[in-house]
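Source file: work_13.txt. Holds: compact mmCIF, C-alpha atoms.
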# COMPACT_ATOMS: atom_id res chain seq x y z
CA MET A 1 -79.60 -89.74 106.04
CA PHE A 2 -76.91 -88.47 103.69
CA ASP A 3 -73.15 -88.48 103.74
CA ASP A 4 -73.41 -85.53 101.33
CA PRO A 5 -74.62 -82.40 103.20
CA THR A 6 -75.57 -80.75 99.89
CA ALA A 7 -78.04 -83.55 99.16
CA TYR A 8 -79.39 -83.27 102.68
CA ARG A 9 -80.02 -79.54 102.34
CA LYS A 10 -81.83 -80.06 99.03
CA ASP A 11 -84.04 -82.67 100.64
CA LEU A 12 -84.74 -80.39 103.60
CA SER A 13 -85.49 -77.45 101.30
CA ALA A 14 -87.97 -79.55 99.30
CA LEU A 15 -89.67 -80.63 102.51
CA ILE A 16 -89.99 -77.06 103.78
CA GLU A 17 -91.34 -75.91 100.41
CA GLY A 18 -93.99 -78.61 100.65
CA PHE A 19 -94.98 -77.42 104.13
CA VAL A 20 -95.37 -73.86 102.86
CA LEU A 21 -97.47 -74.92 99.87
CA VAL A 22 -100.01 -76.70 102.11
CA GLY A 23 -100.42 -73.49 104.11
CA LEU A 24 -97.92 -73.68 106.98
CA ASP A 25 -95.87 -70.63 107.89
CA ARG A 26 -92.20 -71.19 107.07
CA GLU A 27 -90.65 -69.02 109.77
CA GLU A 28 -93.02 -70.18 112.50
CA LEU A 29 -92.34 -73.80 111.56
CA LEU A 30 -88.55 -73.36 111.62
CA GLN A 31 -88.71 -71.49 114.90
CA SER A 32 -91.00 -74.04 116.54
CA ALA A 33 -88.80 -76.91 115.33
CA GLU A 34 -85.61 -75.05 116.30
CA VAL A 35 -84.14 -75.67 112.87
CA ASN A 36 -81.61 -73.21 111.47
CA LEU A 37 -80.91 -73.83 107.80
CA ASP A 38 -77.56 -72.07 108.14
CA ASP A 39 -76.30 -74.51 110.77
CA PRO A 40 -73.34 -76.61 109.53
CA VAL A 41 -75.05 -79.98 109.81
CA GLY A 42 -72.25 -81.71 107.91
CA ASP A 43 -72.45 -85.48 107.64
CA ALA A 44 -73.79 -86.14 111.16
CA MET A 45 -76.70 -88.40 110.30
CA GLN A 46 -78.33 -88.09 113.71
CA ALA A 47 -78.42 -84.30 113.41
CA GLN A 48 -80.13 -84.65 110.05
CA VAL A 49 -82.70 -87.09 111.41
CA ASP A 50 -83.38 -84.87 114.42
CA ALA A 51 -83.95 -81.81 112.20
CA HIS A 52 -86.44 -83.69 110.03
CA MET A 53 -88.32 -85.15 112.99
CA ARG A 54 -88.56 -81.79 114.75
CA LEU A 55 -90.00 -80.28 111.59
CA TRP A 56 -92.57 -83.05 111.24
CA ALA A 57 -93.51 -82.80 114.92
CA ALA A 58 -93.98 -79.03 114.64
CA ALA A 59 -96.01 -79.45 111.44
CA ALA A 60 -98.26 -82.07 113.09
CA VAL A 61 -99.05 -79.62 115.89
CA ALA A 62 -99.85 -76.84 113.41
CA ASP A 63 -101.91 -79.14 111.15
CA PRO A 64 -103.00 -82.42 112.82
CA ARG A 65 -104.61 -83.99 109.74
CA PRO A 66 -103.54 -87.66 109.36
CA ALA A 67 -103.03 -87.10 105.62
CA LEU A 68 -100.66 -84.14 106.14
CA PRO A 69 -97.42 -86.00 105.16
CA LEU A 70 -99.09 -87.23 101.96
CA LEU A 71 -100.36 -83.76 101.10
CA VAL A 72 -96.97 -82.17 101.80
CA GLY A 73 -95.29 -84.67 99.49
CA MET A 74 -97.82 -84.02 96.74
CA ALA A 75 -97.21 -80.27 97.07
CA VAL A 76 -93.44 -80.52 96.48
CA PRO A 77 -92.86 -78.95 93.02
CA PHE A 78 -91.54 -81.04 90.17
CA GLY A 79 -87.81 -80.42 89.80
CA ALA A 80 -87.17 -80.13 93.54
CA TYR A 81 -85.29 -83.44 93.33
CA GLY A 82 -83.23 -82.43 90.34
CA VAL A 83 -81.82 -85.07 88.06
CA VAL A 84 -84.05 -87.85 89.48
CA ASP A 85 -87.20 -85.91 88.58
CA TYR A 86 -85.96 -85.03 85.10
CA LEU A 87 -84.66 -88.53 84.42
CA GLY A 88 -88.10 -89.96 85.10
CA SER A 89 -89.98 -87.37 83.02
CA SER A 90 -87.65 -87.71 80.00
CA SER A 91 -88.31 -91.47 79.77
CA LEU A 92 -90.44 -92.95 77.02
CA CYS A 93 -93.37 -93.90 79.23
CA VAL A 94 -94.49 -94.01 82.86
CA ALA A 95 -93.23 -97.59 83.32
CA SER A 96 -89.69 -96.82 82.10
CA GLY A 97 -89.65 -93.56 84.06
CA MET A 98 -90.68 -95.38 87.22
CA ARG A 99 -87.87 -97.89 86.71
CA GLN A 100 -85.40 -94.99 86.69
CA LEU A 101 -86.92 -93.57 89.89
CA GLU A 102 -86.55 -96.98 91.50
CA ARG A 103 -82.96 -97.21 90.32
CA PHE A 104 -81.78 -93.76 91.40
CA PHE A 105 -84.01 -92.92 94.38
CA GLY A 106 -80.93 -93.29 96.57
CA LEU A 107 -79.78 -89.92 95.22
CA ILE A 108 -82.70 -88.40 97.16
CA THR A 109 -82.56 -90.43 100.36
CA ASP A 110 -81.22 -93.70 101.72
CA VAL A 111 -83.94 -93.95 104.36
CA VAL A 112 -86.90 -94.76 102.09
CA GLY A 113 -86.80 -96.55 98.73
CA LEU A 114 -89.08 -97.53 95.85
CA ARG A 115 -89.58 -101.00 94.38
CA LEU A 116 -91.69 -102.09 91.41
CA VAL A 117 -93.98 -104.98 92.31
CA GLU A 118 -96.64 -107.14 90.70
CA GLU A 119 -99.58 -108.54 92.66
CA SER A 120 -102.28 -110.70 91.03
CA GLY A 121 -101.49 -109.28 87.62
CA ARG A 122 -101.50 -105.68 88.81
CA ARG A 123 -98.38 -103.53 88.59
CA GLY A 124 -97.55 -101.25 91.47
CA VAL A 125 -94.86 -99.38 93.39
CA GLU A 126 -93.93 -100.25 96.95
CA VAL A 127 -92.59 -97.54 99.25
CA ARG A 128 -90.11 -99.29 101.53
CA VAL A 129 -88.44 -98.26 104.77
CA LEU A 130 -84.72 -98.90 104.33
CA ARG A 131 -83.63 -97.53 107.69
CA PRO A 132 -86.09 -97.90 110.60
CA LEU A 133 -85.36 -94.46 112.02
CA PRO A 134 -87.79 -92.56 114.31
CA GLY A 135 -90.79 -91.19 112.43
CA VAL A 136 -89.93 -92.72 109.04
CA ALA A 137 -92.86 -95.16 109.01
CA CYS A 138 -95.19 -92.43 110.26
CA PHE A 139 -94.14 -89.46 108.13
CA GLY A 140 -91.49 -90.47 105.57
CA VAL A 141 -93.45 -93.21 103.80
CA LEU A 142 -96.57 -91.08 103.23
CA TYR A 143 -94.43 -88.12 102.16
CA THR A 144 -92.55 -90.28 99.62
CA LEU A 145 -95.82 -91.74 98.35
CA GLY A 146 -97.15 -88.22 97.79
CA VAL A 147 -94.04 -86.98 95.99
CA THR A 148 -93.94 -90.03 93.71
CA VAL A 149 -97.60 -89.93 92.67
CA ALA A 150 -97.58 -86.15 92.14
CA HIS A 151 -94.43 -86.20 90.02
CA LEU A 152 -95.73 -89.09 87.92
CA ARG A 153 -98.82 -87.00 87.24
CA TYR A 154 -96.60 -84.17 86.09
CA ALA A 155 -94.71 -86.47 83.72
CA THR A 156 -97.65 -87.66 81.64
CA PRO A 157 -100.47 -85.76 79.86
CA ALA A 158 -102.98 -88.55 80.53
CA PRO A 159 -104.78 -88.75 83.89
CA LEU A 160 -102.87 -91.04 86.26
CA GLU A 161 -105.27 -93.86 87.13
CA VAL A 162 -104.55 -95.11 90.67
CA SER A 163 -106.48 -98.37 90.98
CA GLU A 164 -105.77 -98.98 94.70
CA VAL A 165 -103.44 -97.92 97.51
CA TRP A 166 -102.32 -100.04 100.46
CA LEU A 167 -101.19 -98.22 103.59
CA THR A 168 -99.63 -99.75 106.70
CA HIS A 169 -101.09 -96.92 108.80
CA PRO A 170 -103.92 -97.68 111.22
CA PRO A 171 -107.50 -97.17 110.03
CA SER A 172 -108.48 -93.57 109.43
CA ASP A 173 -111.06 -91.59 107.49
CA PRO A 174 -110.06 -92.36 103.88
CA THR A 175 -111.80 -89.33 102.39
CA GLU A 176 -108.80 -86.99 102.26
CA PHE A 177 -106.40 -89.77 101.24
CA GLU A 178 -108.64 -90.96 98.40
CA ALA A 179 -109.32 -87.43 97.18
CA ALA A 180 -105.59 -86.74 96.95
CA LEU A 181 -104.55 -90.07 95.41
CA GLY A 182 -107.56 -90.57 93.15
CA GLY A 183 -108.20 -94.18 94.11
CA PRO A 184 -109.46 -96.41 96.93
CA VAL A 185 -107.24 -96.68 100.01
CA ARG A 186 -106.92 -99.73 102.26
CA PHE A 187 -105.45 -99.16 105.74
CA GLY A 188 -103.68 -101.66 107.96
CA ALA A 189 -101.88 -103.41 105.10
CA LEU A 190 -98.55 -105.18 105.54
CA ARG A 191 -96.87 -102.92 102.94
CA THR A 192 -97.33 -99.47 101.45
CA VAL A 193 -98.05 -99.94 97.72
CA PHE A 194 -99.88 -97.96 95.07
CA PHE A 195 -101.20 -99.66 91.94
CA LEU A 196 -101.74 -98.03 88.55
CA SER A 197 -103.90 -99.15 85.64
CA ASP A 198 -102.15 -100.71 82.65
CA ALA A 199 -103.10 -97.65 80.62
CA SER A 200 -101.24 -95.41 83.06
CA TRP A 201 -98.14 -97.62 83.09
CA ASP A 202 -98.01 -97.49 79.30
CA ALA A 203 -98.83 -93.77 78.99
CA PRO A 204 -96.10 -91.74 77.23
CA CYS A 205 -94.14 -89.14 79.16
CA THR A 206 -94.82 -85.59 77.95
CA ARG A 207 -91.16 -84.63 78.02
CA SER A 208 -89.74 -87.84 76.60
CA GLU A 209 -86.46 -87.12 74.80
CA PRO A 210 -83.89 -89.91 74.30
CA ALA A 211 -80.80 -87.70 73.91
CA LEU A 212 -81.57 -85.71 77.05
CA HIS A 213 -82.42 -88.92 78.88
CA ALA A 214 -79.06 -90.47 78.01
CA VAL A 215 -77.21 -87.39 79.30
CA LEU A 216 -79.20 -87.34 82.55
CA GLU A 217 -78.63 -91.05 83.07
CA ARG A 218 -74.86 -90.58 82.81
CA HIS A 219 -75.03 -87.72 85.31
CA ALA A 220 -77.12 -89.83 87.69
CA LEU A 221 -74.62 -92.69 87.49
CA GLU A 222 -71.75 -90.28 88.18
CA ALA A 223 -73.61 -88.77 91.13
CA ALA A 224 -74.35 -92.23 92.52
CA ALA A 225 -70.67 -93.17 92.22
CA ARG A 226 -69.57 -89.96 93.98
CA ARG A 227 -71.90 -90.69 96.87
CA GLY A 228 -70.79 -94.28 97.16
CA LEU A 229 -74.22 -95.74 96.46
CA GLY A 230 -74.24 -99.46 95.92
CA SER A 231 -74.73 -100.62 92.34
CA SER A 232 -77.86 -102.58 91.52
CA LEU A 233 -77.76 -105.76 89.48
CA ILE A 234 -78.87 -103.74 86.46
CA ASP A 235 -75.96 -101.34 86.88
CA LYS A 236 -73.56 -104.30 86.92
CA LEU A 237 -75.08 -105.85 83.81
CA TRP A 238 -75.39 -102.64 81.80
CA PRO A 239 -71.71 -102.23 80.72
CA ARG A 240 -71.39 -105.95 79.97
CA ILE A 241 -74.41 -105.88 77.67
CA ALA A 242 -73.12 -102.70 76.01
CA ARG A 243 -69.81 -104.44 75.20
CA LEU A 244 -71.46 -107.63 73.94
CA LEU A 245 -73.76 -105.72 71.59
CA ARG A 246 -70.87 -105.08 69.21
CA ASP A 247 -70.74 -108.83 68.58
CA GLY A 248 -74.46 -109.12 67.94
CA GLN A 249 -77.38 -110.02 70.21
CA PRO A 250 -76.12 -110.72 73.79
CA THR A 251 -77.25 -114.03 75.23
CA LEU A 252 -78.61 -114.62 78.70
CA ASP A 253 -75.95 -117.29 79.31
CA ASP A 254 -73.07 -114.94 78.44
CA VAL A 255 -74.33 -112.18 80.73
CA ALA A 256 -75.14 -114.60 83.57
CA LEU A 257 -71.58 -115.91 83.43
CA HIS A 258 -70.32 -112.33 83.93
CA VAL A 259 -72.08 -112.09 87.32
CA ALA A 260 -71.40 -115.71 88.32
CA MET A 261 -75.06 -116.78 88.20
CA SER A 262 -77.01 -119.41 86.37
CA ALA A 263 -79.27 -118.14 83.60
CA ARG A 264 -82.33 -119.15 85.63
CA THR A 265 -81.11 -117.25 88.72
CA LEU A 266 -80.40 -114.16 86.64
CA GLN A 267 -83.88 -114.29 85.14
CA ARG A 268 -85.37 -114.55 88.62
CA ARG A 269 -83.27 -111.64 89.94
CA LEU A 270 -84.21 -109.43 87.01
CA LYS A 271 -87.89 -110.23 87.52
CA ALA A 272 -87.52 -109.18 91.16
CA GLU A 273 -86.15 -105.83 89.92
CA GLY A 274 -89.19 -105.38 87.67
CA THR A 275 -87.65 -106.20 84.30
CA SER A 276 -86.50 -109.05 82.04
CA PHE A 277 -83.33 -109.80 80.12
CA SER A 278 -84.80 -108.89 76.73
CA GLU A 279 -86.25 -105.66 78.15
CA LEU A 280 -82.90 -104.74 79.69
CA VAL A 281 -81.08 -105.30 76.39
CA ASP A 282 -83.67 -103.08 74.72
CA ARG A 283 -83.11 -100.34 77.33
CA VAL A 284 -79.32 -100.50 76.87
CA ARG A 285 -79.74 -100.22 73.10
CA GLN A 286 -82.10 -97.28 73.46
CA SER A 287 -79.72 -95.39 75.75
CA LEU A 288 -76.67 -96.06 73.57
CA ALA A 289 -78.58 -95.16 70.39
CA SER A 290 -79.24 -91.65 71.68
CA ARG A 291 -75.58 -91.24 72.60
CA TYR A 292 -74.23 -92.56 69.31
CA LEU A 293 -76.64 -90.51 67.18
CA SER A 294 -75.54 -87.39 69.03
CA GLU A 295 -72.09 -88.02 67.53
CA GLN A 296 -72.63 -86.57 64.07
CA ASP A 297 -69.66 -88.36 62.49
CA ARG A 298 -71.29 -91.79 62.98
CA SER A 299 -73.51 -93.06 60.19
CA VAL A 300 -76.82 -94.76 60.95
CA ALA A 301 -75.37 -98.01 59.61
CA GLU A 302 -72.43 -97.77 62.05
CA VAL A 303 -74.78 -97.07 64.96
CA ALA A 304 -76.85 -100.10 63.97
CA TRP A 305 -73.70 -102.26 63.97
CA LEU A 306 -72.58 -100.94 67.37
CA LEU A 307 -75.97 -101.89 68.79
CA GLY A 308 -75.84 -105.43 67.45
CA TYR A 309 -78.37 -105.12 64.63
CA SER A 310 -77.85 -107.19 61.51
CA ASP A 311 -78.87 -104.29 59.27
CA ALA A 312 -79.69 -100.60 59.52
CA SER A 313 -83.39 -101.08 58.73
CA ALA A 314 -83.87 -103.21 61.86
CA PHE A 315 -82.30 -100.43 63.95
CA VAL A 316 -84.46 -97.75 62.29
CA ARG A 317 -87.61 -99.74 63.12
CA ALA A 318 -86.50 -100.15 66.73
CA PHE A 319 -85.65 -96.47 67.05
CA GLU A 320 -89.06 -95.46 65.70
CA ARG A 321 -90.65 -97.78 68.26
CA TRP A 322 -88.68 -96.12 71.08
CA THR A 323 -89.09 -92.50 70.06
CA GLY A 324 -91.77 -92.18 67.39
CA MET A 325 -89.23 -90.70 64.95
CA THR A 326 -86.51 -91.83 62.57
CA PRO A 327 -82.81 -91.46 63.47
CA GLY A 328 -82.51 -88.75 60.78
CA ARG A 329 -85.36 -86.74 62.22
CA PHE A 330 -83.90 -87.20 65.70
CA ARG A 331 -80.58 -85.74 64.57
CA SER A 332 -82.13 -82.73 62.86
CA GLY A 333 -85.01 -82.13 65.27
CA GLU A 334 -85.40 -78.99 67.34
CA ARG A 335 -84.82 -79.79 71.02
CA SER A 336 -84.06 -76.37 72.49
CA GLU A 337 -86.67 -76.60 75.22
CA LEU A 338 -85.51 -80.04 76.28
CA ILE A 339 -81.86 -79.02 76.16
CA GLY A 340 -82.76 -76.19 78.52
CA GLN A 341 -84.38 -78.70 80.86
CA GLY A 342 -81.24 -80.82 80.72
CA THR A 343 -79.08 -77.85 81.69
CA GLU A 344 -81.35 -77.11 84.65
CA ALA A 345 -81.27 -80.75 85.76
CA ARG A 346 -77.48 -80.97 85.50
CA GLU A 347 -77.07 -77.79 87.52
CA SER A 348 -79.30 -79.28 90.22
CA LEU A 349 -76.65 -81.92 90.91
CA GLY A 350 -74.48 -79.22 92.47
Before anything else, please render the file you have as structure tokens.
Amino acid sequence: MFDDPTAYRKDLSALIEGFVLVGLDREELLQSAEVNLDDPVGDAMQAQVDAHMRLWAAAAVADPRPALPLLVGMAVPFGAYGVVDYLGSSSLCVASGMRQLERFFGLITDVVGLRLVEESGRRGVEVRVLRPLPGVACFGVLYTLGVTVAHLRYATPAPLEVSEVWLTHPPSDPTEFEAALGGPVRFGALRTVFFLSDASWDAPCTRSEPALHAVLERHALEAAARRGLGSSLIDKLWPRIARLLRDGQPTLDDVALHVAMSARTLQRRLKAEGTSFSELVDRVRQSLASRYLSEQDRSVAEVAWLLGYSDASAFVRAFERWTGMTPGRFRSGERSELIGQGTEARESLG
């Protein structure tokens, strides 16, 4: 599951904490599963898979409810997955936070992934099996669904409106599933997807803070590089767009040329990743703005120029749209609580 044993142990610890919070006895579970947390698992993937599957098998005996993996995932406390949790919650809104979860979910596991989808005008999140290992479709998908929904609820003050959930699992009593997820559940689907209302996608994140978000994003990129995770198309385009901004508004043709694609192909690829070229340019500007404004020796006019704006007033309007505050207020604002969260998130990277 992980080449990095530290990441594996964090994932295993989060799983065990979830088991405990739904009422299972920690020591009995470990003993029944014959899992010793002090064993030097190292980077032997099969040993990691076996430990997880033994835990799930033991948990299923102790609590045979079909919804158990979902409930365990929903019980995992926010922050258990470190920088990925905090990166999502410090985004501007649920939609942008979910894009970061999709982008960096590989820091949690490479067995299951998230993908933003759109079906008949509805926006949703697909939980995908990336490695068809034993038990992943049975336990891992529901567990990941539970963690994702629960942590999105934590990130926004507004109620998370789940409009529908598709599960690939065979038909079962939906009562417990629907009570936990807050929306209708359809079993026997071809994919596992949960859909949110437009209001929920656009809901602001309670802990949105651009400067903290920029720091966490850099740490996530560094962590991904250390673990040898493959770069997404967005990660490849990001530095190119950042460089082109100094010359004004980047064009789709210029950026497409950088990745040896036609403009139409690039548009199609970005749509498949749940974004558009103009939205990506806006995200790059937002991230860089937080970084540049943290450098007190840069004037607002210089920051505007670095981000490709023709004048400072256009940048100020954009920054107010992103954050709800002016650049001046951002620089002088009190962010002690959020800085503390950033320290905790950085320490979680190990």
- May I have the residues within 9 Å of Ala80 of chain A as a PyMOL selection string, using all atoms listed in the file and disregarding those fewer than 3 positions away in the same chain? chain A and resi 10-11+13-14+76-77+85+348
- Item | Ala33 of chain A surroundings by all atoms listed in the file, 6 Å radius, close-in-sequence under 2 positions cut, as a ChimeraX atom specification | /A:30-31,35,54-55,58
Store the residues picked out above, limited to C-alpha atoms, as a short mmCIF file (atom, residue, chain, number, x, y, z; two decimals), in the coordinates of the input.
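File written: part_36.cif
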data_model
loop_
_atom_site.label_atom_id
_atom_site.label_comp_id
_atom_site.auth_asym_id
_atom_site.auth_seq_id
_atom_site.Cartn_x
_atom_site.Cartn_y
_atom_site.Cartn_z
CA LEU A 30 -88.55 -73.36 111.62
CA GLN A 31 -88.71 -71.49 114.90
CA VAL A 35 -84.14 -75.67 112.87
CA ARG A 54 -88.56 -81.79 114.75
CA LEU A 55 -90.00 -80.28 111.59
CA ALA A 58 -93.98 -79.03 114.64
#
- Might you pull out every residue within 12 Å of Ala301 of chain A, with only C-alpha atoms counted and same-chain residues fewer than 4 positions away left off, and present them as a PyMOL selection string? chain A and resi 289+292-293+297+305-316+327-328
- Query: Within 6 Å of segment 105-115 of chain A, counting only C-alpha atoms, which residues qualify if same-chain residues fewer than 5 places away don't, as a list in words?
  - Reply: Val125, Glu126, Val127, Arg128, Val129, Leu130 and Arg131 of chain A
- Task: Using all atoms listed in the file, pick whichever of A:Ile16, A:Ala158, A:Val185, A:Cys93 has the shortest atom-to-atom distance to Ala67 of chain A.
- Result: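 With all atoms listed in the file as the atom set, the closest residue is A:Val185.
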- Query: Skipping near chain neighbours, those fewer than 3 positions away, what residues fall within 12 Å of Met53 of chain A using all atoms listed in the file, listed as a ChimeraX atom specification?
  - Reply: /A:12,15,30,32-35,46-50,56-60,133-140
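Atom CA of Glu217 of chain A is found 18.7 Å from atom CA of Thr148 of chain A.
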- Query: Of the residues A:Leu70, A:Ala155, A:Leu24, A:Val284, which is the one nearest to Arg207 of chain A, using all atoms listed in the file?
  - Reply: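 Result for the nearest residue to Arg207 of chain A: A:Ala155.
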- Take the point (-93.0, -85.4, 77.7) in the file's coordinates, draw a sphere of radius 12 Å around it, and report as a ChimeraX atom specification every protein, DNA or RNA residue with an atom inside or on it, counting all atoms listed in the file. /A:86-94,97,152-158,203-210,212-213,323,335,337-338,341
As AutoDock Vina command-line options: centre and edge lengths in Å, one decimal, of the axis-aligned box holding segment 141-144 of chain A with 4 Å per side:
--center_x -94.6 --center_y -90.7 --center_z 101.7 --size_x 12.0 --size_y 13.1 --size_z 12.2
- Message: Using all atoms listed in the file, can you tell me which of A:Leu288, A:Val72, A:Val141, A:Val84 comes closest to Ala223 of chain A?
- Response: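 Looking at the shortest contact to Ala223 of chain A, the residue is A:Val84.
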- Point-to-point distance in Å for atom CA of Leu116 of chain A and atom CA of Ala272 of chain A: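 One can read the atom CA of Ala272 of chain A to atom CA of Leu116 of chain A distance as 8.2 Å.
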